[in-house]
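entry-v6.cif follows (mmCIF, C-alpha atoms):
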```
data_work
#
loop_
_atom_site.group_PDB
_atom_site.id
_atom_site.type_symbol
_atom_site.label_atom_id
_atom_site.label_comp_id
_atom_site.auth_asym_id
_atom_site.auth_seq_id
_atom_site.Cartn_x
_atom_site.Cartn_y
_atom_site.Cartn_z
ATOM 1 C CA MET B 3 209.802 68.651 132.919
ATOM 2 C CA GLU B 4 212.897 67.313 134.590
ATOM 3 C CA ILE B 5 210.983 66.367 137.716
ATOM 4 C CA VAL B 6 209.078 63.717 135.759
ATOM 5 C CA GLN B 7 212.383 62.240 134.613
ATOM 6 C CA ILE B 8 213.749 62.203 138.145
ATOM 7 C CA VAL B 9 210.622 60.612 139.635
ATOM 8 C CA GLY B 10 210.559 57.991 136.885
ATOM 9 C CA LEU B 11 214.228 57.248 137.467
ATOM 10 C CA GLY B 12 213.518 56.908 141.172
ATOM 11 C CA PHE B 13 210.735 54.391 140.560
ATOM 12 C CA VAL B 14 212.813 52.294 138.166
ATOM 13 C CA VAL B 15 215.816 52.246 140.492
ATOM 14 C CA THR B 16 213.583 51.410 143.475
ATOM 15 C CA LEU B 17 212.312 48.344 141.647
ATOM 16 C CA LEU B 18 215.863 47.325 140.701
ATOM 17 C CA ILE B 19 216.984 47.740 144.319
ATOM 18 C CA LEU B 20 214.051 45.602 145.479
ATOM 19 C CA ILE B 21 215.135 42.846 143.091
ATOM 20 C CA LEU B 22 218.762 43.021 144.247
ATOM 21 C CA ARG B 23 218.261 43.516 147.988
ATOM 22 C CA GLY B 24 217.222 39.928 148.681
ATOM 23 C CA GLN B 25 220.311 38.390 147.128
ATOM 24 C CA ARG B 26 223.044 41.024 146.976
ATOM 25 C CA PRO B 27 222.400 43.766 149.552
ATOM 26 C CA GLU B 28 225.831 45.366 149.015
ATOM 27 C CA ILE B 29 225.144 46.008 145.326
ATOM 28 C CA ALA B 30 221.711 47.396 146.264
ATOM 29 C CA VAL B 31 223.359 49.930 148.588
ATOM 30 C CA GLN B 32 225.789 50.941 145.857
ATOM 31 C CA LEU B 33 222.879 51.366 143.462
ATOM 32 C CA SER B 34 221.121 53.685 145.876
ATOM 33 C CA ILE B 35 224.340 55.697 146.388
ATOM 34 C CA THR B 36 224.637 56.078 142.622
ATOM 35 C CA LEU B 37 221.039 57.236 142.298
ATOM 36 C CA ALA B 38 221.486 59.786 145.082
ATOM 37 C CA THR B 39 224.685 61.072 143.470
ATOM 38 C CA ILE B 40 223.159 61.400 140.015
ATOM 39 C CA ILE B 41 220.104 63.261 141.335
ATOM 40 C CA PHE B 42 222.378 65.556 143.391
ATOM 41 C CA LEU B 43 224.467 66.295 140.294
ATOM 42 C CA LEU B 44 221.337 67.063 138.262
ATOM 43 C CA VAL B 45 220.051 69.454 140.929
ATOM 44 C CA LEU B 46 223.385 71.107 141.692
ATOM 45 C CA ALA B 47 223.533 72.552 138.176
ATOM 46 C CA LYS B 48 220.295 74.402 138.959
ATOM 47 C CA ILE B 49 221.448 75.508 142.418
ATOM 48 C CA ASP B 50 224.523 77.038 140.813
ATOM 49 C CA VAL B 51 222.329 79.485 138.863
ATOM 50 C CA VAL B 52 220.466 80.553 142.017
ATOM 51 C CA LEU B 53 223.690 80.995 143.971
ATOM 52 C CA ASN B 54 225.190 83.151 141.245
ATOM 53 C CA LEU B 55 222.082 85.352 141.455
ATOM 54 C CA PHE B 56 222.566 85.616 145.230
ATOM 55 C CA ARG B 57 226.204 86.609 144.757
ATOM 56 C CA ASP B 58 225.231 89.315 142.262
ATOM 57 C CA LEU B 59 222.540 90.666 144.601
ATOM 58 C CA ALA B 60 224.941 90.709 147.546
ATOM 59 C CA GLU B 61 227.473 92.575 145.459
ATOM 60 C CA LYS B 62 224.881 95.158 144.415
ATOM 61 C CA ALA B 63 223.703 95.610 148.011
ATOM 62 C CA SER B 64 227.390 95.865 149.020
ATOM 63 C CA VAL B 65 227.036 93.148 151.658
ATOM 64 C CA ASN B 66 230.371 91.951 153.000
ATOM 65 C CA GLN B 67 231.498 88.883 151.002
ATOM 66 C CA LEU B 68 232.479 87.148 154.235
ATOM 67 C CA TYR B 69 228.870 86.699 155.335
ATOM 68 C CA LEU B 70 227.562 85.264 152.075
ATOM 69 C CA ASN B 71 230.559 82.974 151.592
ATOM 70 C CA THR B 72 230.215 81.631 155.132
ATOM 71 C CA ILE B 73 226.525 80.918 154.648
ATOM 72 C CA LEU B 74 227.181 79.173 151.332
ATOM 73 C CA LYS B 75 229.942 77.098 152.892
ATOM 74 C CA ILE B 76 227.634 76.079 155.730
ATOM 75 C CA ILE B 77 224.920 75.078 153.248
ATOM 76 C CA GLY B 78 227.463 73.030 151.291
ATOM 77 C CA ILE B 79 228.671 71.242 154.422
ATOM 78 C CA ALA B 80 225.070 70.540 155.400
ATOM 79 C CA TYR B 81 224.330 69.080 151.957
ATOM 80 C CA ILE B 82 227.314 66.737 151.978
ATOM 81 C CA THR B 83 226.718 65.694 155.593
ATOM 82 C CA GLU B 84 223.068 64.932 154.949
ATOM 83 C CA PHE B 85 223.989 62.933 151.857
ATOM 84 C CA GLY B 86 226.529 60.816 153.688
ATOM 85 C CA ALA B 87 224.297 60.275 156.699
ATOM 86 C CA GLN B 88 221.345 59.227 154.541
ATOM 87 C CA VAL B 89 223.419 56.690 152.629
ATOM 88 C CA CYS B 90 224.692 55.165 155.866
ATOM 89 C CA ARG B 91 221.217 55.106 157.393
ATOM 90 C CA ASP B 92 219.797 53.436 154.257
ATOM 91 C CA ALA B 93 222.372 50.686 154.656
ATOM 92 C CA GLY B 94 221.178 50.162 158.238
ATOM 93 C CA GLU B 95 224.197 51.779 159.917
ATOM 94 C CA GLY B 96 222.497 54.337 162.125
ATOM 95 C CA ALA B 97 225.543 54.689 164.368
ATOM 96 C CA VAL B 98 227.856 55.684 161.500
ATOM 97 C CA ALA B 99 225.221 58.132 160.247
ATOM 98 C CA GLY B 100 225.075 59.702 163.705
ATOM 99 C CA LYS B 101 228.852 60.165 163.756
ATOM 100 C CA ILE B 102 228.800 61.790 160.303
ATOM 101 C CA GLU B 103 226.080 64.187 161.432
ATOM 102 C CA PHE B 104 228.048 65.021 164.563
ATOM 103 C CA ALA B 105 231.129 65.852 162.477
ATOM 104 C CA GLY B 106 228.990 68.013 160.196
ATOM 105 C CA LYS B 107 227.576 69.957 163.152
ATOM 106 C CA VAL B 108 231.029 70.602 164.585
ATOM 107 C CA LEU B 109 232.360 71.779 161.210
ATOM 108 C CA VAL B 110 229.391 74.123 160.748
ATOM 109 C CA MET B 111 230.085 75.580 164.192
ATOM 110 C CA VAL B 112 233.740 76.127 163.266
ATOM 111 C CA MET B 113 232.655 77.872 160.048
ATOM 112 C CA ALA B 114 230.426 80.217 162.063
ATOM 113 C CA ILE B 115 233.247 81.328 164.387
ATOM 114 C CA PRO B 116 234.295 84.428 162.356
ATOM 115 C CA ILE B 117 230.698 85.687 162.301
ATOM 116 C CA ILE B 118 230.251 85.089 166.038
ATOM 117 C CA ALA B 119 233.482 87.007 166.637
ATOM 118 C CA LEU B 120 232.216 89.885 164.491
ATOM 119 C CA VAL B 121 228.914 90.003 166.386
ATOM 120 C CA LEU B 122 230.744 90.107 169.712
ATOM 121 C CA GLU B 123 233.043 92.835 168.412
ATOM 122 C CA THR B 124 230.051 94.918 167.310
ATOM 123 C CA ILE B 125 228.380 94.504 170.693
ATOM 124 C CA VAL B 126 231.555 95.556 172.459
ATOM 125 C CA LYS B 127 231.766 98.649 170.225
ATOM 126 C CA LEU B 128 228.156 99.576 171.007
ATOM 127 C CA LEU B 129 228.746 99.378 174.753
ATOM 128 C CA PRO B 130 229.877 102.695 176.278
ATOM 129 C CA MET Q 13 224.145 62.287 131.772
ATOM 130 C CA SER Q 14 225.514 59.176 133.407
ATOM 131 C CA LEU Q 15 222.129 57.484 133.817
ATOM 132 C CA ASP Q 16 223.352 54.336 132.087
ATOM 133 C CA LEU Q 17 225.625 53.793 135.084
ATOM 134 C CA LEU Q 18 222.562 52.882 137.169
ATOM 135 C CA PHE Q 19 221.511 50.198 134.723
ATOM 136 C CA LYS Q 20 225.077 48.953 134.433
ATOM 137 C CA ILE Q 21 225.234 48.517 138.219
ATOM 138 C CA ALA Q 22 221.862 46.762 138.345
ATOM 139 C CA GLY Q 23 222.953 44.470 135.504
ATOM 140 C CA VAL Q 24 226.197 43.601 137.254
ATOM 141 C CA GLY Q 25 224.233 42.862 140.419
ATOM 142 C CA ILE Q 26 221.794 40.516 138.723
ATOM 143 C CA LEU Q 27 224.611 38.819 136.795
ATOM 144 C CA ILE Q 28 226.601 38.308 139.988
ATOM 145 C CA SER Q 29 223.676 36.740 141.785
ATOM 146 C CA VAL Q 30 223.125 34.353 138.867
ATOM 147 C CA PHE Q 31 226.829 33.420 138.765
ATOM 148 C CA HIS Q 32 226.882 33.001 142.524
ATOM 149 C CA THR Q 33 223.933 30.606 142.427
ATOM 150 C CA ALA Q 34 225.352 28.640 139.495
ATOM 151 C CA LEU Q 35 228.809 28.283 141.070
ATOM 152 C CA LYS Q 36 227.290 27.300 144.398
ATOM 153 C CA GLN Q 37 225.194 24.620 142.712
ATOM 154 C CA ALA Q 38 228.340 23.331 141.014
ATOM 155 C CA GLY Q 39 229.956 23.013 144.436
ATOM 156 C CA LYS Q 40 232.572 25.747 143.911
ATOM 157 C CA GLU Q 41 231.920 27.861 146.998
ATOM 158 C CA ASP Q 42 235.244 29.707 146.959
ATOM 159 C CA MET Q 43 234.835 30.628 143.279
ATOM 160 C CA ALA Q 44 231.329 31.950 144.030
ATOM 161 C CA HIS Q 45 232.702 34.220 146.752
ATOM 162 C CA LEU Q 46 235.522 35.442 144.502
ATOM 163 C CA CYS Q 47 232.957 36.225 141.804
ATOM 164 C CA THR Q 48 230.890 38.269 144.259
ATOM 165 C CA LEU Q 49 233.992 40.119 145.409
ATOM 166 C CA ALA Q 50 235.031 40.907 141.829
ATOM 167 C CA GLY Q 51 231.615 42.304 140.939
ATOM 168 C CA PHE Q 52 231.508 44.348 144.129
ATOM 169 C CA THR Q 53 234.930 45.812 143.368
ATOM 170 C CA ILE Q 54 233.997 46.761 139.815
ATOM 171 C CA VAL Q 55 230.845 48.516 141.004
ATOM 172 C CA LEU Q 56 232.742 50.195 143.844
ATOM 173 C CA PHE Q 57 235.207 51.567 141.281
ATOM 174 C CA TRP Q 58 232.381 53.247 139.349
ATOM 175 C CA VAL Q 59 230.659 54.517 142.488
ATOM 176 C CA VAL Q 60 233.837 56.042 143.902
ATOM 177 C CA GLN Q 61 234.527 57.875 140.643
ATOM 178 C CA LEU Q 62 230.980 59.260 140.635
ATOM 179 C CA LEU Q 63 231.257 60.310 144.286
ATOM 180 C CA GLY Q 64 234.497 62.106 143.539
ATOM 181 C CA GLN Q 65 232.757 63.977 140.742
ATOM 182 C CA LEU Q 66 229.898 64.896 143.098
ATOM 183 C CA PHE Q 67 232.202 66.221 145.810
ATOM 184 C CA THR Q 68 234.216 68.257 143.317
ATOM 185 C CA THR Q 69 231.006 69.784 141.965
ATOM 186 C CA VAL Q 70 229.698 70.611 145.445
ATOM 187 C CA GLN Q 71 233.017 72.216 146.332
ATOM 188 C CA GLY Q 72 232.886 74.273 143.161
ATOM 189 C CA VAL Q 73 229.283 75.408 143.616
ATOM 190 C CA PHE Q 74 229.530 76.339 147.301
ATOM 191 C CA LYS Q 75 233.157 77.576 147.130
ATOM 192 C CA LEU Q 76 234.242 75.102 149.824
ATOM 193 C CA TYR Q 77 237.995 75.188 149.449
#
```
As structure tokens, the full file:
Amino acid sequence: MEIVQIVGLGFVVTLLILILRGQRPEIAVQLSITLATIIFLLVLAKIDVVLNLFRDLAEKASVNQLYLNTILKIIGIAYITEFGAQVCRDAGEGAVAGKIEFAGKVLVMVMAIPIIALVLETIVKLLP
Amino acid sequence: MSLDLLFKIAGVGILISVFHTALKQAGKEDMAHLCTLAGFTIVLFWVVQLLGQLFTTVQGVFKLY
């Protein structure tokens, strides 16, 4: 029942942040960053198991490693971008959060370039 | 797990606000600001270490090299 632990932790930290926000907002922001990081770390251990299963399945189905690795990289970039943007938005800096999201989108697009090239190549091969 | 870090940060925050108020009442404004800065730096040190750990883990899990 790890979810109960995480929800309880969230409640406790929310109350602590409420106490601190009135007097020391900068420490409150750091507290919320720490909570987000700890919950991410707790969940990432579980995601690792699922991803290993995906890798095994892809190997059995003889899917090209390039596709799976690209998708995993894109998911990782999306996770980190979302994390950073949320922290900035929590601290009231919507503009910085927007820039972080923009950078994340561009990097995801760059990651997808090899797959787009492969799709175009396949289409060109299919054409007479 | 590093759950005690959360309570350490909250404790430092409450302690800093108490010190800040006490020093301000005593008329030592500059000392109060230095105290706030010191506490902020200590907490930032912990947070940056934790963030580094998080990013290393994410890179390991998603093979983002």
Q: Could you list the residues in chain Q lying within 6 Å of chain B, using only C-alpha atoms, and format the result as number ranges by chain?
A: Q: 25, 73-74, 76
Q. Mind telling me what the PyMOL selection byres ((chain B and resi 69) around 12) catches here, as a list of chain:residue names?
A.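 This file gives the following for the PyMOL selection byres ((chain B and resi 69) around 12): B:Phe56, B:Arg57, B:Ala60, B:Glu61, B:Ser64, B:Val65, B:Asn66, B:Gln67, B:Leu68, B:Leu70, B:Asn71, B:Thr72, B:Ile73, B:Leu74, B:Lys75, B:Ile76, B:Met113, B:Ala114, B:Ile115, B:Pro116, B:Ile117, B:Ile118, B:Leu120, B:Val121.
Put simply, CA of Ala22 in chain Q is 17.5 Å away from CA of Val89 in chain B.
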Q | Residues selected by the PyMOL selection byres ((chain Q and resi 27) around 12), written as a count of residues only | A | 24
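Reported to one decimal place, the separation of CA of Leu20 in chain B from CA of Val55 in chain Q is 17.6 Å.
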Q: Go ahead and compute the interatomic distance for CA of Ile54 in chain Q and CA of Gly10 in chain B, in Å to one decimal.
A: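 Interatomic distance here is 26.2 Å.
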Would you mind putting N, CA and C atoms back on range 61-76 of chain Q and writing the result as a compact mmCIF listing (two decimals), in the frame of the given file?
```txt
# COMPACT_ATOMS: atom_id res chain seq x y z
N GLN Q 61 234.27 56.82 141.64
CA GLN Q 61 234.53 57.88 140.64
C GLN Q 61 233.39 58.89 140.62
N LEU Q 62 232.14 58.37 140.67
CA LEU Q 62 230.98 59.26 140.64
C LEU Q 62 230.94 60.14 141.88
N LEU Q 63 231.27 59.54 143.04
CA LEU Q 63 231.26 60.31 144.29
C LEU Q 63 232.31 61.41 144.24
N GLY Q 64 233.48 61.08 143.68
CA GLY Q 64 234.50 62.11 143.54
C GLY Q 64 234.02 63.27 142.70
N GLN Q 65 233.31 62.93 141.61
CA GLN Q 65 232.76 63.98 140.74
C GLN Q 65 231.76 64.84 141.52
N LEU Q 66 230.90 64.16 142.33
CA LEU Q 66 229.90 64.90 143.10
C LEU Q 66 230.56 65.86 144.07
N PHE Q 67 231.59 65.36 144.80
CA PHE Q 67 232.20 66.22 145.81
C PHE Q 67 232.92 67.39 145.16
N THR Q 68 233.56 67.14 144.01
CA THR Q 68 234.22 68.26 143.32
C THR Q 68 233.19 69.30 142.90
N THR Q 69 232.03 68.83 142.39
CA THR Q 69 231.01 69.78 141.96
C THR Q 69 230.48 70.59 143.14
N VAL Q 70 230.22 69.89 144.27
CA VAL Q 70 229.70 70.61 145.44
C VAL Q 70 230.71 71.64 145.91
N GLN Q 71 232.00 71.26 145.92
CA GLN Q 71 233.02 72.22 146.33
C GLN Q 71 233.07 73.42 145.41
N GLY Q 72 232.87 73.17 144.11
CA GLY Q 72 232.89 74.27 143.16
C GLY Q 72 231.69 75.19 143.34
N VAL Q 73 230.50 74.60 143.54
CA VAL Q 73 229.28 75.41 143.62
C VAL Q 73 229.27 76.24 144.89
N PHE Q 74 229.63 75.63 146.03
CA PHE Q 74 229.53 76.34 147.30
C PHE Q 74 230.84 76.98 147.72
N LYS Q 75 231.85 76.96 146.84
CA LYS Q 75 233.16 77.58 147.13
C LYS Q 75 233.74 77.06 148.44
N LEU Q 76 233.72 75.74 148.60
CA LEU Q 76 234.24 75.10 149.82
C LEU Q 76 235.69 74.70 149.59
```
